[in-house]
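Engineer: Provided herewith: structure_28.tsv, TSV, C-alpha atoms.
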```
chain	number	residue	atom	x	y	z
A	1265	MET	CA	-20.14	18.46	-10.28
A	1266	GLY	CA	-16.87	16.59	-9.66
A	1267	ILE	CA	-16.10	12.98	-10.46
A	1268	ARG	CA	-18.07	10.46	-8.39
A	1269	ILE	CA	-16.92	6.84	-8.13
A	1270	LEU	CA	-18.49	3.84	-6.36
A	1271	VAL	CA	-16.07	1.18	-5.05
A	1272	VAL	CA	-17.59	-2.20	-4.15
A	1273	ASP	CA	-15.59	-5.01	-2.49
A	1274	ASP	CA	-16.18	-7.20	0.54
A	1275	ALA	CA	-12.53	-6.80	1.59
A	1276	THR	CA	-11.95	-3.57	3.53
A	1277	PHE	CA	-8.24	-3.70	2.72
A	1278	ILE	CA	-8.92	-3.72	-1.03
A	1279	ARG	CA	-11.49	-0.91	-0.82
A	1280	ASP	CA	-9.12	1.27	1.20
A	1281	MET	CA	-6.25	0.64	-1.24
A	1282	ILE	CA	-8.40	1.56	-4.25
A	1283	LYS	CA	-9.77	4.68	-2.57
A	1284	LYS	CA	-6.27	5.87	-1.68
A	1285	GLN	CA	-5.04	5.49	-5.27
A	1286	LEU	CA	-8.06	7.35	-6.64
A	1287	ARG	CA	-7.74	10.22	-4.17
A	1288	ASP	CA	-4.00	10.53	-4.86
A	1289	LYS	CA	-4.49	10.85	-8.62
A	1290	ILE	CA	-7.92	12.46	-9.08
A	1291	PRO	CA	-8.22	15.83	-7.33
A	1292	GLY	CA	-11.60	16.41	-5.72
A	1293	VAL	CA	-12.92	12.93	-6.49
A	1294	GLU	CA	-15.96	11.90	-4.45
A	1295	ILE	CA	-15.86	8.23	-3.50
A	1296	PHE	CA	-18.67	6.04	-2.18
A	1297	ASP	CA	-18.00	2.48	-1.10
A	1298	ALA	CA	-19.93	-0.65	-0.20
A	1299	PRO	CA	-18.98	-4.13	1.09
A	1300	ASP	CA	-21.36	-6.00	-1.21
A	1301	GLY	CA	-23.70	-5.59	-4.16
A	1302	ALA	CA	-26.84	-5.15	-2.06
A	1303	ARG	CA	-25.47	-2.12	-0.23
A	1304	ALA	CA	-24.03	-0.78	-3.48
A	1305	LEU	CA	-27.55	-0.75	-4.93
A	1306	ALA	CA	-28.77	1.16	-1.89
A	1307	GLN	CA	-26.09	3.78	-2.59
A	1308	LEU	CA	-27.11	4.05	-6.24
A	1309	LYS	CA	-30.72	4.75	-5.28
A	1310	ASN	CA	-29.61	7.86	-3.37
A	1311	GLN	CA	-27.00	9.34	-5.72
A	1312	SER	CA	-25.63	9.12	-9.23
A	1313	VAL	CA	-22.05	8.09	-9.98
A	1314	ASP	CA	-19.73	8.37	-12.98
A	1315	LEU	CA	-17.98	5.01	-12.58
A	1316	ILE	CA	-18.44	1.74	-10.69
A	1317	LEU	CA	-15.50	-0.45	-9.64
A	1318	SER	CA	-16.81	-3.75	-8.30
A	1319	ASP	CA	-15.43	-7.05	-7.12
A	1320	TRP	CA	-17.04	-10.16	-8.63
A	1321	GLU	CA	-17.02	-12.57	-5.69
A	1322	MET	CA	-18.97	-11.03	-2.80
A	1323	PRO	CA	-21.58	-12.22	-0.28
A	1324	ASN	CA	-25.26	-11.24	-0.42
A	1325	LEU	CA	-25.14	-9.94	-4.00
A	1326	SER	CA	-22.23	-10.74	-6.31
A	1327	GLY	CA	-20.59	-8.36	-8.76
A	1328	ALA	CA	-22.25	-10.17	-11.67
A	1329	GLU	CA	-25.67	-9.76	-10.06
A	1330	LEU	CA	-24.92	-6.12	-9.31
A	1331	LEU	CA	-23.90	-5.50	-12.93
A	1332	THR	CA	-27.09	-7.12	-14.26
A	1333	THR	CA	-29.24	-4.99	-11.95
A	1334	VAL	CA	-27.36	-1.78	-12.74
A	1335	ARG	CA	-27.72	-2.29	-16.49
A	1336	ALA	CA	-31.50	-2.46	-16.01
A	1337	MET	CA	-31.68	0.77	-13.98
A	1338	PRO	CA	-32.90	3.88	-15.87
A	1339	ASN	CA	-30.55	6.21	-13.97
A	1340	ALA	CA	-27.45	3.98	-14.07
A	1341	GLY	CA	-27.79	1.72	-17.11
A	1342	ASN	CA	-24.99	3.47	-19.02
A	1343	VAL	CA	-22.58	4.02	-16.12
A	1344	PRO	CA	-19.12	2.55	-16.89
A	1345	PHE	CA	-18.68	-0.63	-14.86
A	1346	VAL	CA	-15.22	-2.16	-14.28
A	1347	MET	CA	-15.35	-5.70	-12.90
A	1348	ILE	CA	-12.52	-6.74	-10.55
A	1349	SER	CA	-11.86	-10.41	-9.93
A	1350	SER	CA	-9.16	-12.89	-8.93
A	1351	ARG	CA	-10.30	-14.99	-11.90
A	1352	GLY	CA	-8.78	-13.89	-15.19
A	1353	ASP	CA	-9.60	-16.89	-17.37
A	1354	ARG	CA	-11.15	-16.30	-20.79
A	1355	ASN	CA	-14.53	-17.84	-19.95
A	1356	HIS	CA	-14.92	-15.58	-16.92
A	1357	ILE	CA	-14.14	-12.48	-18.98
A	1358	VAL	CA	-16.53	-13.55	-21.74
A	1359	LYS	CA	-19.32	-13.93	-19.17
A	1360	ALA	CA	-18.64	-10.43	-17.85
A	1361	ILE	CA	-18.80	-9.01	-21.38
A	1362	GLU	CA	-22.12	-10.75	-21.99
A	1363	LEU	CA	-23.48	-9.12	-18.82
A	1364	GLY	CA	-22.48	-5.68	-20.11
A	1365	VAL	CA	-19.20	-4.94	-18.34
A	1366	SER	CA	-17.16	-1.96	-19.57
A	1367	ASP	CA	-13.77	-3.39	-18.65
A	1368	TYR	CA	-12.18	-6.09	-16.51
A	1369	LEU	CA	-9.32	-5.97	-14.00
A	1370	THR	CA	-7.70	-9.09	-12.57
A	1371	LYS	CA	-6.47	-9.30	-8.97
A	1372	PRO	CA	-3.81	-8.72	-7.92
A	1373	PHE	CA	-3.29	-5.48	-9.79
A	1374	SER	CA	-0.82	-2.63	-9.55
A	1375	ALA	CA	-1.75	1.01	-8.97
A	1376	GLU	CA	-0.90	1.78	-12.59
A	1377	GLU	CA	-3.15	-0.99	-13.90
A	1378	LEU	CA	-6.04	0.29	-11.78
A	1379	LEU	CA	-5.58	3.92	-12.81
A	1380	LYS	CA	-5.21	3.00	-16.48
A	1381	LYS	CA	-8.65	1.38	-16.42
A	1382	VAL	CA	-10.23	4.25	-14.45
A	1383	PHE	CA	-8.84	7.02	-16.66
A	1384	LYS	CA	-9.85	5.13	-19.81
A	1385	GLN	CA	-13.49	4.92	-18.70
A	1386	LEU	CA	-13.62	8.51	-17.47
A	1387	LYS	CA	-12.19	9.71	-20.77
A	1388	LEU	CA	-14.91	7.83	-22.68
A	1389	ILE	CA	-17.63	9.76	-20.82
A	1390	GLY	CA	-15.82	13.10	-21.17
A	1391	LYS	CA	-14.66	13.40	-17.57
A	1392	THR	CA	-10.89	13.17	-17.84
A	1393	PRO	CA	-9.42	14.34	-14.50
A	1394	ALA	CA	-7.40	17.55	-14.53
A	1395	GLN	CA	-4.34	15.70	-13.21
A	1396	GLY	CA	-3.42	13.04	-15.78
A	1397	VAL	CA	-1.98	9.68	-14.83
A	1398	ARG	CA	1.38	8.79	-16.26
A	1399	THR	CA	1.35	6.10	-18.91
A	1400	ALA	CA	1.27	2.67	-17.35
A	1401	SER	CA	3.42	-0.17	-18.55
A	1402	THR	CA	1.42	-2.50	-20.78
A	1403	GLN	CA	3.09	-5.58	-19.35
A	1404	GLY	CA	0.49	-7.79	-17.72
A	1405	ILE	CA	-2.42	-5.49	-18.51
A	1406	ALA	CA	-3.81	-7.24	-21.60
A	1407	PHE	CA	-4.42	-10.49	-19.76
A	1408	ALA	CA	-6.23	-8.60	-16.99
A	1409	SER	CA	-8.65	-7.06	-19.44
A	1410	VAL	CA	-11.20	-7.77	-22.12
A	1411	ASP	CA	-8.24	-7.30	-24.51
A	1412	VAL	CA	-7.36	-10.92	-23.81
A	1413	LEU	CA	-10.11	-11.93	-26.21
A	1414	THR	CA	-8.05	-10.63	-29.14
A	1415	SER	CA	-4.83	-12.31	-28.00
A	1416	ALA	CA	-3.81	-15.83	-28.90
A	1417	THR	CA	-2.05	-16.55	-25.65
A	1418	ALA	CA	-1.64	-15.12	-22.19
A	1419	PRO	CA	1.63	-13.36	-21.30
A	1420	LYS	CA	4.34	-15.63	-20.04
A	1421	VAL	CA	5.74	-15.22	-16.55
A	1422	ALA	CA	9.41	-14.36	-16.67
A	1423	ALA	CA	11.72	-16.84	-14.99
A	1424	PRO	CA	13.27	-15.57	-11.72
A	1425	LYS	CA	16.72	-14.07	-12.13
A	1426	PRO	CA	19.69	-15.48	-10.21
A	1427	VAL	CA	20.13	-13.84	-6.82
A	1428	ASN	CA	23.35	-12.16	-5.77
A	1429	PRO	CA	23.98	-13.57	-2.27
A	1430	PHE	CA	25.98	-10.44	-1.39
A	1431	ALA	CA	23.17	-8.07	-2.31
A	1432	ASN	CA	21.45	-6.14	0.47
A	1433	ASN	CA	18.45	-8.46	0.60
A	1434	SER	CA	18.45	-9.33	4.27
A	1435	ALA	CA	15.17	-9.66	6.16
A	1436	GLY	CA	15.69	-6.23	7.69
A	1437	ALA	CA	16.15	-4.64	4.27
A	1438	LEU	CA	12.83	-6.09	3.19
A	1439	GLY	CA	11.05	-4.36	6.04
A	1440	ALA	CA	10.21	-7.69	7.60
A	1441	LYS	CA	8.26	-8.09	10.81
A	1442	PRO	CA	8.70	-10.84	13.39
A	1443	ALA	CA	6.93	-14.07	12.54
A	1444	ILE	CA	3.40	-14.48	13.85
A	1445	GLN	CA	3.01	-16.77	16.82
A	1446	ALA	CA	-0.12	-18.88	17.09
A	1447	VAL	CA	-2.33	-17.21	19.70
A	1448	PRO	CA	-4.91	-19.31	21.60
A	1449	ASP	CA	-8.43	-18.40	20.57
A	1450	SER	CA	-11.89	-19.51	21.50
A	1451	ARG	CA	-12.48	-20.57	17.90
A	1452	PRO	CA	-10.29	-23.57	17.01
A	1453	SER	CA	-10.39	-22.82	13.28
A	1454	ASP	CA	-8.73	-19.43	13.89
A	1455	THR	CA	-5.52	-21.01	15.19
A	1456	PRO	CA	-2.96	-21.70	12.45
A	1457	LYS	CA	-2.63	-25.43	11.94
A	1458	ALA	CA	0.57	-27.14	10.82
A	1459	ALA	CA	0.07	-28.07	7.19
A	1460	ARG	CA	1.71	-29.71	4.24
A	1461	GLY	CA	0.90	-28.71	0.74
A	1462	LYS	CA	1.64	-26.22	-1.99
A	1463	ALA	CA	0.11	-22.92	-2.99
A	1464	GLN	CA	0.56	-20.47	-5.81
A	1465	LEU	CA	1.02	-16.81	-4.91
A	1466	ARG	CA	0.06	-14.28	-7.55
A	1467	PHE	CA	1.10	-10.64	-7.37
A	1468	ALA	CA	0.71	-7.66	-9.70
A	1469	ASN	CA	2.61	-7.52	-12.99
A	1470	ASN	CA	2.29	-11.28	-13.56
A	1471	ARG	CA	4.62	-12.28	-10.74
A	1472	VAL	CA	3.77	-15.86	-9.79
A	1473	PHE	CA	5.54	-17.95	-7.12
A	1474	THR	CA	5.03	-21.46	-5.80
A	1475	CYS	CA	5.38	-21.91	-2.06
A	1476	VAL	CA	5.26	-24.75	0.47
A	1477	ILE	CA	2.60	-24.28	3.15
A	1478	ARG	CA	3.76	-24.47	6.78
A	1479	GLU	CA	0.69	-23.23	8.69
A	1480	LEU	CA	-2.85	-22.48	7.61
A	1481	SER	CA	-5.99	-21.02	9.19
A	1482	LEU	CA	-9.05	-19.10	8.03
A	1483	GLN	CA	-7.14	-15.88	8.66
A	1484	LEU	CA	-3.63	-16.52	7.36
A	1485	MET	CA	-1.15	-18.79	5.61
A	1486	SER	CA	2.52	-19.16	6.49
A	1487	CYS	CA	4.69	-20.64	3.76
A	1488	LEU	CA	8.22	-20.93	2.39
A	1489	MET	CA	9.25	-19.86	-1.09
A	1490	GLN	CA	12.43	-19.52	-3.10
A	1491	ARG	CA	14.31	-16.25	-2.79
A	1492	VAL	CA	14.25	-14.20	-5.99
A	1493	ASP	CA	15.20	-10.66	-6.98
A	1494	ASP	CA	11.65	-9.35	-7.34
A	1495	LEU	CA	10.32	-10.33	-3.93
A	1496	PRO	CA	6.89	-9.12	-2.79
A	1497	THR	CA	6.74	-6.41	-0.14
A	1498	VAL	CA	4.77	-5.96	3.07
A	1499	PHE	CA	1.14	-4.91	2.43
A	1500	GLU	CA	1.33	-5.91	-1.24
A	1501	GLN	CA	-1.94	-7.52	-2.35
A	1502	ALA	CA	-1.85	-11.18	-3.34
A	1503	VAL	CA	-4.12	-13.92	-4.64
A	1504	VAL	CA	-3.57	-17.38	-3.16
A	1505	ASP	CA	-4.46	-20.59	-5.00
A	1506	ILE	CA	-4.06	-23.56	-2.63
A	1507	GLU	CA	-3.41	-26.79	-4.50
A	1508	THR	CA	-5.28	-29.96	-3.59
A	1509	GLY	CA	-3.84	-33.43	-3.80
A	1510	ASP	CA	-5.78	-34.26	-6.97
A	1511	GLY	CA	-4.15	-31.43	-8.91
A	1512	GLY	CA	-7.07	-29.04	-8.46
A	1513	SER	CA	-7.13	-25.83	-6.46
A	1514	LEU	CA	-9.30	-24.26	-3.80
A	1515	ALA	CA	-11.35	-21.13	-4.28
A	1516	ARG	CA	-8.98	-18.25	-4.90
A	1517	LEU	CA	-8.30	-16.30	-1.71
A	1518	ASN	CA	-7.52	-12.59	-1.71
A	1519	GLY	CA	-4.99	-11.34	0.81
A	1520	TYR	CA	-1.92	-9.23	1.45
A	1521	VAL	CA	1.66	-9.77	2.60
A	1522	TYR	CA	1.66	-9.49	6.38
A	1523	SER	CA	5.33	-10.31	6.88
A	1524	ILE	CA	8.34	-11.56	4.97
A	1525	GLN	CA	11.70	-12.64	6.34
A	1526	ALA	CA	14.71	-14.85	5.71
A	1527	GLY	CA	14.01	-18.56	6.00
A	1528	ASP	CA	17.04	-19.09	8.23
A	1529	ASP	CA	19.87	-17.12	9.83
A	1530	ARG	CA	22.28	-17.15	6.86
A	1531	PRO	CA	22.57	-13.98	4.72
A	1532	ASP	CA	22.94	-16.13	1.59
A	1533	THR	CA	19.83	-18.22	2.26
A	1534	ASN	CA	17.72	-19.09	-0.76
A	1535	ILE	CA	14.55	-19.59	1.32
A	1536	VAL	CA	12.09	-16.87	2.32
A	1537	LYS	CA	9.26	-17.19	4.84
A	1538	ILE	CA	6.16	-15.24	3.92
A	1539	ILE	CA	2.86	-14.81	5.77
A	1540	ILE	CA	-0.29	-13.92	3.84
A	1541	ARG	CA	-3.35	-12.62	5.69
A	1542	PHE	CA	-6.65	-13.26	3.95
A	1543	VAL	CA	-9.09	-10.37	3.46
A	1544	ASP	CA	-12.13	-12.14	1.96
A	1545	ASN	CA	-15.45	-12.16	3.80
A	1546	ASP	CA	-17.00	-14.72	1.48
A	1547	ALA	CA	-18.75	-17.47	3.50
A	1548	GLU	CA	-18.46	-19.93	0.62
A	1549	LYS	CA	-14.68	-19.53	0.48
A	1550	PHE	CA	-14.44	-19.95	4.25
A	1551	GLU	CA	-16.47	-23.15	4.07
A	1552	ILE	CA	-14.20	-24.63	1.40
A	1553	LEU	CA	-11.09	-23.60	3.31
A	1554	SER	CA	-12.48	-24.99	6.60
A	1555	LYS	CA	-13.07	-28.39	5.02
A	1556	TYR	CA	-9.56	-28.38	3.57
A	1557	ILE	CA	-8.02	-27.51	6.96
A	1558	ALA	CA	-10.07	-30.19	8.71
A	1559	GLN	CA	-8.70	-32.83	6.36
A	1560	MET	CA	-5.05	-31.90	6.88
```
Let's see the structure in the file written out as structure tokens.

Structural biologist:
Amino acid sequence: MGIRILVVDDATFIRDMIKKQLRDKIPGVEIFDAPDGARALAQLKNQSVDLILSDWEMPNLSGAELLTTVRAMPNAGNVPFVMISSRGDRNHIVKAIELGVSDYLTKPFSAEELLKKVFKQLKLIGKTPAQGVRTASTQGIAFASVDVLTSATAPKVAAPKPVNPFANNSAGALGAKPAIQAVPDSRPSDTPKAARGKAQLRFANNRVFTCVIRELSLQLMSCLMQRVDDLPTVFEQAVVDIETGDGGSLARLNGYVYSIQAGDDRPDTNIVKIIIRFVDNDAEKFEILSKYIAQM
């Protein structure tokens, strides 16, 4: 029997991205997927799997609840379970370990980080795929794993390098799309609302940027950020932390880069406009975001 993997995440975009990476690197892999823990359990009742990749924050049944239930199942108690979450703080990882997690992966993650975790767990159960994955860079992986518990500090984010204004970094070179226009909708909360505030954008490999919010809705955020060499690309997954006035932050929102373009018409501009589309289906996150938008 070939390798069988269950992918659980309420965001279709994330599930599709993970499934593509697995199929590209593991010949003949059989993948099952579910949008929440409840439907993942239904899958496990009908077939066995070799590995479970599950998001933590999901509606109906969370990843933590799924893990607890799986560990109590006679036919799945020892299945490797990799928890995926936008929260990478020490306390969160410790809780996952106490629940019996096999490993931990922090969003956003690169393809190499994902495959490193998958191949490690498959090797432990004697199911190393025939086609090996090339060695992934260790930068940024320790903090996205249970390995953080043996480290004194988290990796530092490198400061952005100066930008060459004559480099070919125009909006067209970045594969940018035209900016989204607010489209009338029957649901007022779906229409982007002019906003003032700051947000932190987190991408794979510990790339963190601060941006100024221009428009915000339950579906997307439009913001301005400083131009740097290592800019994100269209479709790259992101985690958005929206800052509140009291120095706190809203529930972390998972999304992807919908468009990116120059902030104005000058080729040497230092401002970039980026639009992030959210992919979460978590009602609790929507409620928090709705209240924030209503107060703007």

Engineer: Go through A:Thr1370, A:Arg1268, A:Val1521, A:Phe1277 one by one, measure the shortest atom-to-atom distance of each to His1356 in chain A using all atoms listed in the file, and give the residue with the smallest value.

Structural biologist: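 With all atoms listed in the file as the atom set, the closest residue is A:Thr1370.
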
Engineer: Could you check how far CA of Glu1479 in chain A sits from CA of Asp1280 in chain A, in Å to one decimal?

Structural biologist: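 According to the coordinates, CA of Glu1479 in chain A and CA of Asp1280 in chain A are separated by 27.4 Å.
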
Engineer: Could you check the closest approach to Leu1386 in chain A for each of A:Asp1314, A:Asp1353, A:Asp1494, A:Asp1319 and tell me which residue wins, using only C-alpha atoms?

Structural biologist: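 Counting only C-alpha atoms, the residue closest to Leu1386 in chain A is A:Asp1314.
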
Engineer: Find the distance between CA of Tyr1522 in chain A and CA of Arg1541 in chain A and write it in Å to one decimal.

Structural biologist: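 These atoms are spaced 5.9 Å apart.
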
Engineer: I'd like to know which of A:Ser1326, A:Ser1554, A:Gln1385, A:Ser1374 is closest to Met1281 in chain A, using only C-alpha atoms.

Structural biologist: A:Ser1374

Engineer: Which residue is closest to Cys1487 in chain A? Choose from A:Ile1540, A:Val1503, A:Val1334, A:Val1271 and count all atoms listed in the file.

Structural biologist: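 Selected residue with least distance to Cys1487 in chain A: A:Ile1540.
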
Engineer: Smallest atom-to-atom distance to Gln1307 in chain A: which of A:Leu1388, A:Ile1282, A:Ile1524, A:Ile1269, using only C-alpha atoms?

Structural biologist: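 Residue with the minimum atom-to-atom distance to Gln1307 in chain A: A:Ile1269.
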
Engineer: To one decimal place in Å, what is the distance between CA of Glu1321 in chain A and CA of Ile1538 in chain A?

Structural biologist: 25.2 Å

Engineer: Residues within 9 Å of (-17.2, 1.0, -12.1), file coordinates, counting all atoms listed in the file: what are they? Give the list as an MDAnalysis selection string.

Structural biologist: chainID A and resid 1269:1272 1313:1318 1343:1347 1365:1367 1382 1385

Engineer: Which one is closest to Phe1550 in chain A: A:Gln1501, A:Pro1323, A:Val1476, A:Asn1469? Count only C-alpha atoms.

Structural biologist: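 Of A:Gln1501, A:Pro1323, A:Val1476, A:Asn1469, the one nearest Phe1550 in chain A, counting only C-alpha atoms, is A:Pro1323.
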
Engineer: Near Thr1497 in chain A, within 7 Å and counting all atoms listed in the file, which residues show up once chain neighbours fewer than 2 positions away are dropped, as a ChimeraX atom specification?

Structural biologist: /A:1438,1495,1499-1500,1521

Engineer: Got a sec: who's within 10 Å of Val1543 in chain A, counting only C-alpha atoms, leaving out chain neighbours fewer than 4 positions off, as an NGL selection string?

Structural biologist: :A and (1274-1278 or 1482-1484 or 1501-1502 or 1517-1520)

Engineer: Do a neighbour search on Ile1267 in chain A at 8 Å with all atoms listed in the file, toss out local chain neighbours closer than 5 positions, and write the hits as number ranges by chain.

Structural biologist: A: 1292-1294, 1313-1314, 1391, 1393

Engineer: Applying 12 Å and all atoms listed in the file, which residues near Glu1362 in chain A remain after dropping the ones on its own chain fewer than 5 positions away? List them as a PyMOL selection string.

Structural biologist: chain A and resi 1328+1331-1332+1335+1355-1357+1367+1410
